[in-house]
$ cat upload.tsv   # TSV, C-alpha atoms
chain	number	residue	atom	x	y	z
A	202	MET	CA	36.82	39.98	-5.60
A	203	ALA	CA	33.40	38.35	-5.51
A	204	ALA	CA	30.83	39.64	-7.96
A	205	PRO	CA	28.00	41.66	-6.39
A	206	ALA	CA	24.63	39.97	-5.99
A	207	PRO	CA	22.26	40.67	-8.85
A	208	THR	CA	19.67	43.36	-8.27
A	209	PRO	CA	16.17	43.69	-9.74
A	210	HIS	CA	17.49	46.34	-12.11
A	211	ALA	CA	20.18	43.96	-13.35
A	212	THR	CA	17.67	41.27	-14.22
A	213	GLY	CA	15.43	43.39	-16.41
A	214	PHE	CA	11.71	43.78	-15.86
A	215	PRO	CA	8.88	41.40	-15.02
A	216	ALA	CA	7.03	39.85	-17.92
A	217	GLU	CA	3.91	41.62	-19.05
A	218	GLY	CA	0.93	40.78	-16.86
A	219	ARG	CA	3.16	39.14	-14.26
A	220	CYS	CA	3.94	40.06	-10.66
A	221	GLY	CA	6.51	42.82	-10.12
A	222	TYR	CA	7.89	41.32	-6.90
A	223	TYR	CA	11.55	40.31	-7.09
A	224	VAL	CA	12.27	36.96	-5.41
A	225	ALA	CA	15.85	37.35	-4.18
A	226	LYS	CA	16.27	33.66	-3.36
A	227	LYS	CA	15.42	32.64	-6.94
A	228	LYS	CA	17.10	35.69	-8.50
A	229	ARG	CA	14.09	36.48	-10.66
A	230	PHE	CA	10.70	38.16	-10.59
A	231	CYS	CA	7.61	36.30	-9.41
A	232	ARG	CA	5.82	34.71	-12.37
A	233	MET	CA	2.28	34.78	-10.97
A	234	VAL	CA	-0.42	36.48	-13.05
A	235	VAL	CA	-1.71	39.76	-11.60
A	236	ALA	CA	-5.21	41.17	-11.66
A	237	ALA	CA	-6.08	43.99	-14.06
A	238	GLY	CA	-4.57	47.27	-12.87
A	239	LYS	CA	-2.45	45.60	-10.20
A	240	ARG	CA	1.31	45.45	-9.99
A	241	PHE	CA	1.68	42.50	-7.61
A	242	CYS	CA	0.02	39.10	-7.29
A	243	GLY	CA	-2.11	38.28	-4.27
A	244	GLU	CA	0.78	36.58	-2.49
A	245	HIS	CA	3.03	39.64	-2.79
A	246	ALA	CA	0.37	42.33	-2.68
A	247	GLY	CA	1.78	43.55	0.62
A	248	ALA	CA	4.76	44.87	-1.28
A	249	ALA	CA	2.59	47.49	-2.96
A	250	GLU	CA	2.23	50.74	-1.07
A	251	GLU	CA	-1.53	50.91	-1.59
A	252	GLU	CA	-1.94	47.42	-0.02
A	253	ASN	CA	0.16	48.05	3.11
A	254	ALA	CA	-2.90	48.65	5.25
A	255	ARG	CA	-4.19	45.07	4.70
A	256	LYS	CA	-2.56	42.24	6.63
A	257	ARG	CA	-1.86	38.82	5.15
A	258	ILE	CA	-1.76	35.77	7.41
A	259	LEU	CA	-0.96	32.08	6.98
A	260	CYS	CA	-3.91	29.96	5.94
A	261	PRO	CA	-4.92	27.82	8.96
A	262	LEU	CA	-5.69	24.88	6.64
A	263	ASP	CA	-2.38	25.00	4.79
A	264	PRO	CA	0.46	27.26	6.01
A	265	LYS	CA	2.15	27.01	2.61
A	266	HIS	CA	0.10	29.95	1.37
A	267	THR	CA	-1.24	33.22	2.81
A	268	VAL	CA	-4.54	35.07	2.69
A	269	TYR	CA	-5.86	38.52	3.60
A	270	GLU	CA	-6.99	38.46	7.23
A	271	ASP	CA	-10.22	40.30	6.42
A	272	GLN	CA	-11.05	37.67	3.73
A	273	LEU	CA	-10.23	34.59	5.80
A	274	ALA	CA	-13.82	33.41	6.26
A	275	LYS	CA	-14.48	33.59	2.52
A	276	HIS	CA	-11.18	31.86	1.71
A	277	LEU	CA	-11.83	28.92	4.05
A	278	LYS	CA	-14.97	28.03	2.08
A	279	LYS	CA	-13.07	27.58	-1.19
A	280	CYS	CA	-9.52	26.69	-0.08
A	281	ASN	CA	-8.23	23.60	-1.88
A	282	SER	CA	-6.98	22.25	1.45
A	283	ARG	CA	-10.43	22.28	3.07
A	284	GLU	CA	-11.97	18.99	4.16
A	285	LYS	CA	-14.10	17.71	1.32
A	286	PRO	CA	-17.26	15.60	1.60
A	287	LYS	CA	-16.49	11.89	1.95
A	288	PRO	CA	-17.74	9.60	-0.87
A	289	ASP	CA	-20.18	6.80	-0.11
A	290	PHE	CA	-17.42	4.20	-0.40
A	291	PHE	CA	-15.51	5.85	2.48
A	292	ILE	CA	-16.19	4.04	5.76
A	293	GLN	CA	-13.81	4.94	8.58
A	294	ASP	CA	-11.44	2.04	9.46
A	295	ILE	CA	-13.61	-0.60	7.77
A	296	ASN	CA	-10.50	-2.61	6.80
A	297	ALA	CA	-8.40	-1.79	9.87
A	298	GLY	CA	-9.20	-4.89	11.88
A	299	LEU	CA	-10.08	-5.03	15.56
A	300	LYS	CA	-7.97	-2.99	17.92
A	301	ASP	CA	-7.02	-5.18	20.86
A	302	GLU	CA	-4.91	-2.91	23.04
A	303	THR	CA	-4.50	-5.57	25.74
A	304	GLU	CA	-2.21	-7.55	23.39
A	305	ILE	CA	0.09	-4.66	22.56
A	306	PRO	CA	2.97	-4.43	25.07
A	307	GLU	CA	3.17	-1.00	26.69
A	308	GLN	CA	6.85	-0.60	25.90
A	309	ILE	CA	8.73	-2.87	23.52
A	310	VAL	CA	12.52	-2.74	23.76
A	311	PRO	CA	14.15	-2.11	20.35
A	312	ILE	CA	16.25	-4.90	18.85
A	313	SER	CA	19.39	-2.81	19.32
A	314	SER	CA	18.82	-2.94	23.09
A	315	LEU	CA	18.30	-6.70	23.34
A	316	SER	CA	21.06	-8.90	24.69
A	317	GLU	CA	22.48	-11.73	22.59
A	318	GLU	CA	20.69	-14.19	24.86
A	319	GLN	CA	17.33	-12.50	24.25
A	320	LEU	CA	17.95	-12.47	20.51
A	321	GLU	CA	18.86	-16.17	20.57
A	322	ILE	CA	15.55	-16.95	22.32
A	323	LEU	CA	13.65	-15.02	19.65
A	324	ILE	CA	15.50	-16.81	16.86
A	325	LYS	CA	14.75	-20.21	18.44
A	326	LYS	CA	11.04	-19.29	18.55
A	327	LEU	CA	11.21	-18.28	14.92
A	328	LYS	CA	12.89	-21.49	13.81
A	329	LYS	CA	10.49	-23.64	15.81
A	330	ALA	CA	7.48	-21.86	14.28
A	331	SER	CA	9.02	-22.26	10.83
A	332	GLU	CA	9.54	-26.03	11.09
A	333	ALA	CA	6.07	-26.78	9.77
A	334	LEU	CA	6.33	-24.31	6.89
A	335	HIS	CA	6.28	-25.78	3.43
A	336	ASP	CA	8.64	-23.76	1.27
A	337	ALA	CA	6.30	-23.52	-1.71
A	338	LEU	CA	8.56	-20.86	-3.20
A	339	ASN	CA	11.01	-23.54	-4.29
A	340	ASP	CA	8.35	-25.47	-6.23
A	341	PRO	CA	8.84	-24.46	-9.90
A	342	LYS	CA	5.27	-25.51	-10.79
A	343	ASN	CA	3.66	-23.55	-7.99
A	344	GLY	CA	1.43	-20.76	-9.17
A	345	ASP	CA	1.20	-21.75	-12.85
A	346	SER	CA	-2.54	-22.42	-12.63
A	347	ALA	CA	-3.25	-19.23	-10.69
A	348	THR	CA	-1.17	-17.12	-13.06
A	349	LYS	CA	-2.96	-18.53	-16.11
A	350	HIS	CA	-6.39	-17.99	-14.56
A	351	LEU	CA	-5.66	-14.40	-13.47
A	352	LYS	CA	-4.30	-13.49	-16.90
A	353	GLN	CA	-7.50	-14.77	-18.45
A	354	GLN	CA	-9.58	-12.71	-16.02
A	355	VAL	CA	-7.68	-9.47	-16.59
A	356	ASP	CA	-7.15	-9.83	-20.35
A	357	GLY	CA	-10.80	-10.70	-20.86
A	358	LYS	CA	-11.90	-7.50	-19.17
A	359	HIS	CA	-9.43	-5.25	-20.96
A	360	ARG	CA	-10.31	-6.56	-24.44
A	361	LYS	CA	-13.92	-5.44	-24.17
A	362	LYS	CA	-14.78	-2.25	-26.00
A	363	ASN	CA	-17.01	-0.96	-23.22
A	364	SER	CA	-14.39	-1.23	-20.46
A	365	VAL	CA	-14.52	1.59	-17.91
A	366	PHE	CA	-11.51	2.87	-15.97
A	367	GLU	CA	-11.98	4.90	-12.82
A	368	ARG	CA	-9.41	6.16	-10.33
A	369	LEU	CA	-10.35	6.38	-6.65
A	370	GLN	CA	-8.19	8.51	-4.35
A	371	ILE	CA	-8.74	6.96	-0.95
A	372	ASP	CA	-6.80	5.16	1.77
A	373	ILE	CA	-7.37	1.39	1.46
A	374	GLN	CA	-8.04	1.34	5.19
A	375	HIS	CA	-11.35	3.15	4.60
A	376	LEU	CA	-12.37	1.70	1.22
A	377	CYS	CA	-15.63	-0.24	0.95
A	378	LEU	CA	-15.73	-1.90	-2.46
A	379	ASN	CA	-19.44	-2.66	-2.18
A	380	LYS	CA	-20.21	1.07	-2.13
A	381	ILE	CA	-18.47	1.80	-5.44
A	382	PRO	CA	-21.34	2.55	-7.85
A	383	VAL	CA	-20.14	0.56	-10.87
A	384	LEU	CA	-19.44	-2.56	-8.76
A	385	SER	CA	-22.70	-2.46	-6.80
A	386	ARG	CA	-24.78	-1.61	-9.87
A	387	GLU	CA	-23.35	-4.20	-12.27
A	388	LYS	CA	-22.52	-6.88	-9.64
A	389	LEU	CA	-19.07	-7.21	-11.21
A	390	PRO	CA	-16.44	-9.64	-9.89
A	391	VAL	CA	-13.19	-8.06	-8.71
A	392	VAL	CA	-9.59	-9.03	-9.47
A	393	GLY	CA	-7.29	-7.42	-6.90
A	394	ILE	CA	-3.86	-6.48	-8.27
A	395	GLY	CA	-1.24	-4.78	-6.12
A	396	LYS	CA	2.35	-3.80	-6.87
A	397	HIS	CA	4.45	-3.22	-3.77
A	398	LEU	CA	1.64	-2.69	-1.26
A	399	CYS	CA	4.17	-1.95	1.45
A	400	GLY	CA	3.76	-3.92	4.66
A	401	VAL	CA	0.48	-3.12	6.34
A	402	ALA	CA	-1.13	-2.04	3.06
A	403	THR	CA	-1.15	-5.69	1.95
A	404	ASP	CA	-3.19	-6.71	5.00
A	405	LEU	CA	-5.59	-3.79	4.51
A	406	ALA	CA	-6.04	-4.77	0.85
A	407	LEU	CA	-6.69	-8.43	1.66
A	408	ARG	CA	-9.31	-7.52	4.23
A	409	CYS	CA	-10.84	-5.02	1.79
A	410	LEU	CA	-11.19	-7.71	-0.88
A	411	VAL	CA	-12.07	-10.75	1.20
A	412	GLU	CA	-14.22	-9.30	3.95
A	413	THR	CA	-15.81	-6.02	2.90
A	414	ARG	CA	-16.34	-7.22	-0.70
A	415	GLY	CA	-16.74	-10.97	-0.44
A	416	ALA	CA	-18.52	-11.32	2.91
A	417	SER	CA	-21.08	-8.59	2.21
A	418	CYS	CA	-22.08	-10.23	-1.08
A	419	GLU	CA	-22.57	-13.55	0.71
A	420	GLU	CA	-24.69	-11.89	3.40
A	421	ARG	CA	-27.02	-10.47	0.76
A	422	ASN	CA	-27.38	-14.02	-0.61
A	423	GLU	CA	-28.14	-12.61	-4.04
A	424	GLU	CA	-28.67	-14.89	-7.00
A	425	PRO	CA	-25.84	-14.46	-9.53
A	426	LEU	CA	-26.89	-12.20	-12.36
A	427	ALA	CA	-26.14	-14.83	-15.01
A	428	LYS	CA	-28.68	-17.19	-13.45
A	429	ARG	CA	-31.35	-14.50	-13.41
A	430	ILE	CA	-30.69	-13.80	-17.10
A	431	LYS	CA	-30.86	-17.51	-17.89
A	432	ASN	CA	-34.19	-17.86	-16.08
A	433	ASP	CA	-35.74	-14.88	-17.84
A	434	LYS	CA	-34.41	-15.31	-21.38
A	435	THR	CA	-34.14	-18.00	-24.02
A	436	ASP	CA	-30.80	-19.51	-25.02
A	437	LYS	CA	-30.89	-17.50	-28.24
A	438	GLU	CA	-31.23	-14.23	-26.36
A	439	ILE	CA	-28.41	-15.20	-24.01
A	440	ASN	CA	-26.12	-15.98	-26.96
A	441	THR	CA	-26.98	-12.57	-28.44
A	442	LEU	CA	-26.00	-10.88	-25.18
A	443	ALA	CA	-22.73	-12.79	-25.13
A	444	GLU	CA	-21.90	-11.76	-28.67
A	445	GLU	CA	-22.55	-8.13	-27.80
A	446	GLY	CA	-20.06	-8.41	-24.95
A	447	SER	CA	-22.62	-7.51	-22.30
A	448	GLU	CA	-21.01	-6.99	-18.88
A	449	LYS	CA	-24.14	-8.46	-17.31
A	450	ASN	CA	-23.59	-11.90	-18.82
A	451	VAL	CA	-21.20	-13.01	-16.08
A	452	PRO	CA	-20.10	-16.64	-15.56
A	453	GLU	CA	-22.63	-18.87	-13.85
A	454	LYS	CA	-20.09	-19.68	-11.13
A	455	TRP	CA	-19.99	-16.04	-10.16
A	456	THR	CA	-17.86	-14.89	-7.23
A	457	PRO	CA	-17.44	-11.36	-5.83
A	458	VAL	CA	-13.63	-11.72	-5.88
A	459	ALA	CA	-12.34	-13.62	-8.92
A	460	GLY	CA	-8.66	-13.49	-7.95
A	461	ILE	CA	-5.90	-11.74	-6.03
A	462	VAL	CA	-2.29	-11.07	-7.04
A	463	ILE	CA	-0.03	-8.91	-4.85
A	464	ALA	CA	3.71	-8.27	-5.04
A	465	LEU	CA	4.80	-8.47	-1.41
A	466	CYS	CA	7.34	-6.16	0.19
A	467	CYS	CA	8.41	-4.18	3.24
A	468	HIS	CA	7.39	-6.65	5.94
A	469	HIS	CA	9.08	-4.38	8.48
A	470	ARG	CA	6.20	-1.97	7.85
A	471	CYS	CA	3.58	-4.45	9.04
A	472	ASP	CA	1.42	-3.72	12.08
A	473	TRP	CA	-0.07	-6.20	14.53
A	474	ARG	CA	-3.45	-4.47	14.70
A	475	HIS	CA	-3.99	-4.67	10.93
A	476	TYR	CA	-2.29	-8.03	10.36
A	477	VAL	CA	-4.70	-10.67	9.01
A	478	GLY	CA	-2.71	-13.65	10.33
A	479	LYS	CA	-3.19	-13.11	14.07
A	480	GLU	CA	-4.95	-16.44	14.55
A	481	TYR	CA	-2.07	-18.25	12.85
A	482	PHE	CA	0.47	-16.61	15.16
A	483	ARG	CA	-1.61	-17.41	18.26
A	484	ALA	CA	-1.90	-21.04	17.18
A	485	LEU	CA	1.92	-21.18	17.20
A	486	GLY	CA	2.07	-19.71	20.70
A	487	LEU	CA	3.22	-16.33	19.37
A	488	GLY	CA	1.75	-12.90	19.97
A	489	ALA	CA	2.15	-9.18	19.40
A	490	GLU	CA	5.62	-8.95	20.93
A	491	GLU	CA	7.12	-11.73	18.81
A	492	PHE	CA	5.39	-10.31	15.74
A	493	HIS	CA	6.98	-6.93	16.42
A	494	TYR	CA	10.48	-8.39	16.55
A	495	PHE	CA	9.96	-10.71	13.57
A	496	GLN	CA	8.71	-7.88	11.36
A	497	ARG	CA	11.73	-5.82	12.39
A	498	MET	CA	14.12	-8.71	11.74
A	499	SER	CA	12.55	-9.31	8.32
A	500	SER	CA	14.60	-6.38	6.99
A	501	TRP	CA	17.74	-8.50	7.45
A	502	ALA	CA	16.77	-10.32	4.25
A	503	THR	CA	16.96	-7.20	2.09
A	504	CYS	CA	19.12	-4.71	3.96
A	505	GLY	CA	21.98	-4.96	1.44
A	506	MET	CA	24.64	-6.58	3.62
A	507	GLN	CA	27.22	-6.63	0.82
A	508	THR	CA	30.10	-4.79	2.52
A	509	THR	CA	33.62	-5.85	1.68
A	510	SER	CA	36.06	-6.67	4.46
A	511	VAL	CA	37.74	-3.30	3.94
A	512	GLU	CA	34.44	-1.40	4.15
A	513	ALA	CA	33.31	-3.42	7.14
A	514	SER	CA	36.52	-2.71	9.03
A	515	ALA	CA	35.98	1.01	8.52
A	516	VAL	CA	32.51	0.90	10.09
A	517	PRO	CA	32.16	0.79	13.90
A	518	ARG	CA	30.61	-2.47	15.15
A	519	SER	CA	27.56	-0.99	16.83
A	520	ARG	CA	23.89	-1.96	16.92
A	521	GLU	CA	22.47	1.48	17.51
A	522	SER	CA	21.01	2.00	14.05
A	523	GLU	CA	17.57	0.54	13.57
A	524	SER	CA	16.01	2.72	10.92
A	525	ASP	CA	12.47	2.24	9.69
A	526	ASN	CA	13.68	3.15	6.22
A	527	SER	CA	16.02	0.21	5.57
A	528	GLU	CA	13.62	-1.19	2.99
A	529	ASP	CA	12.04	2.02	1.70
A	530	HIS	CA	11.85	2.27	-2.06
A	531	ASP	CA	13.84	4.50	-4.34
A	532	GLU	CA	12.22	6.44	-7.15
A	533	ASP	CA	12.63	3.44	-9.46
A	534	GLY	CA	10.67	1.22	-7.07
A	535	GLY	CA	13.59	-0.94	-5.93
A	536	PRO	CA	14.58	-1.33	-2.30
A	537	ARG	CA	17.38	0.81	-0.95
A	538	THR	CA	20.37	-1.22	0.13
A	539	PRO	CA	22.64	0.74	2.50
A	540	ALA	CA	25.91	-1.15	2.77
A	541	THR	CA	26.64	0.18	6.25
A	542	HIS	CA	23.45	-1.37	7.67
A	543	ALA	CA	25.30	-4.65	8.22
A	544	ALA	CA	27.15	-3.04	11.11
A	545	SER	CA	23.90	-2.44	13.01
A	546	LEU	CA	23.06	-6.16	13.21
A	547	PRO	CA	24.04	-8.58	16.01
A	548	GLY	CA	27.65	-9.67	15.79
A	549	PHE	CA	27.16	-13.33	16.76
A	550	LEU	CA	25.50	-14.06	13.39
A	551	ASN	CA	27.27	-14.00	10.05
A	552	VAL	CA	25.80	-12.39	6.94
A	553	GLU	CA	24.25	-15.54	5.50
A	554	GLU	CA	22.63	-16.48	8.82
A	555	LYS	CA	21.09	-13.02	9.10
A	556	LYS	CA	19.70	-13.26	5.58
A	557	LYS	CA	18.16	-16.66	6.29
A	558	ILE	CA	16.55	-15.36	9.47
A	559	GLY	CA	15.19	-12.37	7.58
A	560	HIS	CA	13.69	-14.65	4.92
A	561	LEU	CA	12.17	-16.88	7.62
A	562	CYS	CA	10.51	-13.84	9.20
A	563	LYS	CA	9.04	-12.82	5.86
A	564	LEU	CA	7.86	-16.36	5.12
A	565	LEU	CA	6.24	-16.70	8.55
A	566	ILE	CA	4.36	-13.41	8.18
A	567	ASP	CA	3.25	-14.39	4.67
A	568	GLN	CA	2.16	-17.83	5.88
A	569	GLY	CA	-0.25	-16.09	8.24
A	570	ARG	CA	-1.77	-14.39	5.20
A	571	ILE	CA	-1.95	-17.75	3.40
A	572	GLU	CA	-3.85	-19.31	6.33
A	573	TYR	CA	-6.21	-16.33	6.44
A	574	LEU	CA	-7.07	-16.65	2.76
A	575	GLN	CA	-7.60	-20.39	3.09
A	576	GLN	CA	-10.06	-19.83	5.92
A	577	LYS	CA	-11.92	-17.34	3.73
A	578	GLY	CA	-12.43	-19.85	0.91
A	579	PHE	CA	-9.42	-19.11	-1.31
A	580	HIS	CA	-6.59	-21.22	-2.70
A	581	PRO	CA	-3.49	-19.02	-2.10
A	582	MET	CA	0.09	-19.53	-3.30
A	583	LEU	CA	3.49	-17.86	-3.01
A	584	GLN	CA	5.86	-17.78	-5.97
A	585	TYR	CA	8.88	-15.88	-7.25
A	586	TYR	CA	8.06	-13.50	-10.09
A	587	THR	CA	11.49	-12.09	-10.90
A	588	ASP	CA	15.18	-12.69	-10.30
A	589	PRO	CA	16.67	-11.33	-7.02
A	590	GLY	CA	19.16	-9.45	-9.18
A	591	VAL	CA	16.23	-7.34	-10.38
A	592	SER	CA	14.56	-6.94	-7.00
A	593	LEU	CA	15.19	-8.51	-3.61
A	594	GLU	CA	11.45	-8.13	-3.01
A	595	ASN	CA	10.48	-10.73	-5.61
A	596	VAL	CA	7.69	-12.78	-4.01
A	597	LEU	CA	4.15	-12.80	-5.41
A	598	LEU	CA	1.02	-13.76	-3.49
A	599	THR	CA	-1.77	-15.16	-5.68
A	600	ALA	CA	-5.17	-16.44	-4.61
A	601	LEU	CA	-8.19	-17.88	-6.40
A	602	PRO	CA	-11.62	-18.78	-5.01
A	603	THR	CA	-11.58	-22.46	-4.13
A	604	GLN	CA	-14.27	-23.32	-6.68
A	605	SER	CA	-12.35	-21.56	-9.47
A	606	SER	CA	-9.06	-23.26	-8.68
A	607	SER	CA	-10.79	-26.66	-8.53
A	608	ALA	CA	-12.37	-26.13	-11.94
A	609	GLU	CA	-9.00	-25.04	-13.36
A	610	ALA	CA	-7.30	-28.17	-12.03
A	611	THR	CA	-9.83	-30.47	-13.68
A	612	ALA	CA	-9.74	-28.57	-17.02

$ encode --input "upload.tsv" --output "structure tokens"
Amino acid sequence: MAAPAPTPHATGFPAEGRCGYYVAKKKRFCRMVVAAGKRFCGEHAGAAEEENARKRILCPLDPKHTVYEDQLAKHLKKCNSREKPKPDFFIQDINAGLKDETEIPEQIVPISSLSEEQLEILIKKLKKASEALHDALNDPKNGDSATKHLKQQVDGKHRKKNSVFERLQIDIQHLCLNKIPVLSREKLPVVGIGKHLCGVATDLALRCLVETRGASCEERNEEPLAKRIKNDKTDKEINTLAEEGSEKNVPEKWTPVAGIVIALCCHHRCDWRHYVGKEYFRALGLGAEEFHYFQRMSSWATCGMQTTSVEASAVPRSRESESDNSEDHDEDGGPRTPATHAASLPGFLNVEEKKKIGHLCKLLIDQGRIEYLQQKGFHPMLQYYTDPGVSLENVLLTALPTQSSSAEATA
């Protein structure tokens, strides 16, 4: 015979100063603190006989909590879910890119609905566009100079005693770096570092760094702070400032963005509107529709197609599954690798061919970012930063201002 469900009497009494409401689902009393002279907390005050006349309703800003109906107006002014004033560095969609709706097809057929002939045409377009790609990832020397330079930039900043760390909670899409007080006040150069900026976030970050930070500084045509110091002070005074570690004594070849390093991932999460490599795609005769399919097919490179013949035979050969989450990250940051995803891919390609196509899609999308950075005066590179056994998403994008990379090469 099953034991009877525990009752409030069987669980003792609420702790002193705590709510007397018994939460049946959790089999314990509520642990919220109560006001002086009250038996129940505000959330469970309706359980008290003297409070029955007052009605509690869901908060219109956040239905996860309730509030007295007659105190709603007062609550809305102090609710933690209320819309808070935007900081100066928030500018709506400043890094979103131009929205060209005429290029976005009204209705794109999912890959699972394409015929084999249509898929073959897409793959031919991909391979043709990829013919001119230089696979810099296979160059063991690629990126050494950029890595050394970026380490020097970051380590130099962190070693200073007067370093300041500040956390900004804001969507990159709306972040204007030039409006951040410490950057605008001190005219500090920026090193952009990103770990797994999934898909579209990489494009938003690049535009944030290169356009809203770099371009605005160029438009102001301000004289670098180091030059102003040199004009106003003697060499002895400048040396004194350097010894004191003054943040204002910046290099004479000052640049608003000193370097960029981003661990790339989740290309299937890219978006044509925000993508920085549109011009590169158009130059290849490609557009929004091809981009859509290539970013979807990019997941073939990391979808974990490691099924054994026994497992594969137990899975129906269908192409109905096309989940957006095939590359989403687990809690440890690594990509999920569902073994059954192999069954959702076209049957006329074997596993290795699908992986190669997926890698080509990723490389093509990244090449558009490379071309964008080159046009903006940077020297970008792609390189592997870890073994694929550690992470299938193991490609690093680095970029230095052209003048910095030239100086490094001659050093």

$ residues_around --input "upload.tsv" --residues "Val477 (chain A)" --least-positions-apart "2" --cutoff "12 Å" --atoms "only C-alpha atoms" --output "JSON, numbers by chain"
{"A": [296, 297, 298, 299, 400, 401, 402, 403, 404, 405, 406, 407, 408, 409, 411, 412, 471, 472, 473, 474, 475, 479, 480, 481, 482, 483, 566, 567, 568, 569, 570, 571, 572, 573, 574, 575, 576, 577]}

$ atom_distance --input "upload.tsv" --atom1 "CA of Glu284 (chain A)" --atom2 "CA of Glu244 (chain A)"
22.7 Å

$ atom_distance --input "upload.tsv" --atom1 "CA of Gln584 (chain A)" --atom2 "CA of Arg497 (chain A)"
22.7 Å

$ closest_residue --input "upload.tsv" --among "A:Arg414, A:Lys275, A:Lys287, A:His493" --to "Pro457 (chain A)" --atoms "only C-alpha atoms"
A:Arg414

$ atom_distance --input "upload.tsv" --atom1 "CA of Arg368 (chain A)" --atom2 "CA of His397 (chain A)"
18.0 Å

$ residues_around --input "upload.tsv" --residues "Leu597 (chain A)" --least-positions-apart "2" --cutoff "7 Å" --atoms "all atoms listed in the file" --output "ChimeraX atom specification"
/A:462-465,583-586,595,599

$ decode --input "upload.tsv" --residues "region 560-565 of chain A" --atoms "all heavy atoms" --output "short mmCIF file (atom, residue, chain, number, x, y, z; two decimals), in the first residue's frame"
data_model
loop_
_atom_site.label_atom_id
_atom_site.label_comp_id
_atom_site.auth_asym_id
_atom_site.auth_seq_id
_atom_site.Cartn_x
_atom_site.Cartn_y
_atom_site.Cartn_z
N HIS A 560 32.47 22.18 -44.58
CA HIS A 560 33.67 22.99 -44.37
C HIS A 560 33.81 24.06 -45.44
O HIS A 560 34.23 25.19 -45.15
CB HIS A 560 34.91 22.11 -44.34
CG HIS A 560 35.09 21.36 -43.05
ND1 HIS A 560 35.31 21.99 -41.84
CD2 HIS A 560 35.07 20.02 -42.77
CE1 HIS A 560 35.42 21.09 -40.88
NE2 HIS A 560 35.27 19.89 -41.41
N LEU A 561 33.46 23.73 -46.69
CA LEU A 561 33.51 24.72 -47.76
C LEU A 561 32.55 25.87 -47.50
O LEU A 561 32.88 27.04 -47.75
CB LEU A 561 33.19 24.07 -49.11
CG LEU A 561 34.32 23.33 -49.84
CD1 LEU A 561 33.82 22.77 -51.16
CD2 LEU A 561 35.50 24.26 -50.08
N CYS A 562 31.36 25.54 -47.01
CA CYS A 562 30.37 26.57 -46.68
C CYS A 562 30.91 27.51 -45.60
O CYS A 562 30.79 28.74 -45.70
CB CYS A 562 29.06 25.93 -46.22
SG CYS A 562 28.15 25.08 -47.52
N LYS A 563 31.51 26.93 -44.57
CA LYS A 563 32.08 27.74 -43.50
C LYS A 563 33.20 28.63 -44.03
O LYS A 563 33.28 29.83 -43.71
CB LYS A 563 32.63 26.83 -42.39
CG LYS A 563 31.57 26.20 -41.49
CD LYS A 563 32.21 25.28 -40.48
CE LYS A 563 31.22 24.77 -39.45
NZ LYS A 563 30.76 25.83 -38.52
N LEU A 564 34.07 28.04 -44.85
CA LEU A 564 35.21 28.78 -45.38
C LEU A 564 34.76 29.92 -46.28
O LEU A 564 35.33 31.02 -46.24
CB LEU A 564 36.13 27.83 -46.14
CG LEU A 564 37.47 28.40 -46.63
CD1 LEU A 564 38.29 28.92 -45.46
CD2 LEU A 564 38.25 27.34 -47.40
N LEU A 565 33.72 29.68 -47.07
CA LEU A 565 33.22 30.71 -47.98
C LEU A 565 32.63 31.87 -47.18
O LEU A 565 32.88 33.05 -47.50
CB LEU A 565 32.17 30.11 -48.91
CG LEU A 565 31.70 31.02 -50.05
CD1 LEU A 565 32.84 31.29 -51.03
CD2 LEU A 565 30.50 30.41 -50.77
#
